[in-house]
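Structure record follows, encoded as structure tokens.
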Amino acid sequence: MTVTQFVIASAVLFSIGVYGVLVRRSAVMVLMSVELILNSVNINLVAFGALHDNIAGEVFALFVITVAAAEVGVGLALVLLIFRNRKNINIHEVDLMKG
Amino acid sequence: MVAQNIAFGVMVGIMGLSAIRVVTTRNVVHAALYLMVVLATVAGLFLLLGAEFLGITQVLIYIGAVIVLFLFGIMLTGARIGKEKLLSHRNKVPALMIATVITAVSIYAAIDYFGADKLPEETRTSTKEVANSLFSQYIIPFEVASVLLLAALIGAIVIARREPHEENLTK
């Protein structure tokens, strides 16, 4: 196994996540795409940790997982609040702060 | 080594197809379930890289908790379960171009910089090593992470809770 193949797999997953963030309307689907992006970053961190025989990569990936869990919790709470106030979760209609 | 490459190919294939389905499917619940497949294959890649603790954590936290949270979010925001036409908007071509450019640049940079750098034969890291590192060198970030989780917990409850006077207003 080369490190390149893991980096390429992670790049593909990252791009698919970016595409999802750009294209999706529903805020829940945008959060799912963000999860794809975070996972691609984790693959990179673990692959580089394995390449350099360094435990830091794994520890950082662990922190990323922790922060992602917190992010999903708060993010879904915000989406729920937006839904309660506006009756839909289309992110293109939430533009109250647009200049 | 050959077996590992075959396992890698199978997992990346499943991961890519499921990830594409996550961002293209019209059914919200299917998207969550495809996301589960992607997360499971990522856990498999972690195990392939010898990160056993991280693989198990991925299954526990992502597949066990985050997917359930997403399904709750889908349920509570009243999404129509079934085909939804308005899930993606029309800017597909620019988004596809951006994604393609990112992929191309990343793949070029990876091949240019790493070439055929082999991973070490033995990449297994035991849970003991992770724990030793986490509770010595990274103890401060670890504690900060626990505070962050507490803050997220309280924040999510405060944001999503219905205020008593709000209910009176809606009545």
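We label chains A, B, ... in the order they appear in the structure tokens, count residues from 1 in each chain, and number ligands from 1 in the order shown.
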Using only C-alpha atoms and a cut-off of 6 Å, which residues of chain B sit close to chain A? Please list them as JSON, numbers by chain. {"B": [23, 87, 88, 89, 95, 99, 103, 107, 110, 116, 117, 118, 119, 123, 149, 152, 156, 160]}
If you keep C-alpha atoms, can you produce a file of those selected residues as a PDB file, in the first residue's frame?
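After the write, again.pdb holds the following:
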ATOM      1  CA  VAL B  23     -25.061  13.958  -2.554  1.00  0.00           C
ATOM      2  CA  LEU B  87     -33.435  18.714  -2.633  1.00  0.00           C
ATOM      3  CA  SER B  88     -30.745  20.030  -4.989  1.00  0.00           C
ATOM      4  CA  HIS B  89     -30.815  23.336  -6.798  1.00  0.00           C
ATOM      5  CA  ALA B  95     -20.427  22.867  -8.347  1.00  0.00           C
ATOM      6  CA  ALA B  99     -15.345  19.530  -7.302  1.00  0.00           C
ATOM      7  CA  THR B 103      -9.991  16.440  -7.199  1.00  0.00           C
ATOM      8  CA  ILE B 107      -4.492  14.020  -7.061  1.00  0.00           C
ATOM      9  CA  ALA B 110      -0.377  13.803  -4.097  1.00  0.00           C
ATOM     10  CA  ALA B 116       5.109   5.663  -4.839  1.00  0.00           C
ATOM     11  CA  ASP B 117       6.113   6.176  -1.193  1.00  0.00           C
ATOM     12  CA  LYS B 118       5.348   2.878   0.462  1.00  0.00           C
ATOM     13  CA  LEU B 119       3.662   2.784   3.829  1.00  0.00           C
ATOM     14  CA  THR B 123       1.474   0.226  10.714  1.00  0.00           C
ATOM     15  CA  LEU B 149     -18.771  18.431  24.401  1.00  0.00           C
ATOM     16  CA  ALA B 152     -22.325  21.565  22.780  1.00  0.00           C
ATOM     17  CA  ALA B 156     -28.053  22.142  21.758  1.00  0.00           C
ATOM     18  CA  ALA B 160     -33.733  23.456  20.532  1.00  0.00           C
TER      19      ALA B 160
END
Please report, as a PyMOL selection string, each residue of region 4-159 of chain B to which DSSP assigns alpha helix (DSSP H) when run on this structure's backbone. chain B and resi 4-24+28-48+52-57+67-76+92-114+127-134+139-159
As a list in words, please: all residues of chain A that backbone DSSP puts in strand (DSSP E or B). Thr2, Arg24, Ser26 and Asn90 of chain A
Name the closest residue to Val68 (chain B) among the candidates B:Met36, B:Ile140, B:Leu47, B:Ile154; distances are taken between atoms, counting only C-alpha atoms. B:Met36
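Atom pair CA of Val144 (chain B) / CA of Phe70 (chain B): separated by 25.3 Å.
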What does the distance between CA of Leu60 (chain B) and CA of Val38 (chain B) come to in Å, to one decimal place? 14.2 Å
State, in Å with one decimal place, the distance from CA of Met1 (chain B) to CA of Glu121 (chain B). 8.4 Å
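For Val12 (chain B), the list of residues within 9 Å, based on only C-alpha atoms and with local chain neighbours fewer than 6 positions off taken out, reads Ala9 of chain A; Thr41, Val42 and Leu45 of chain B.
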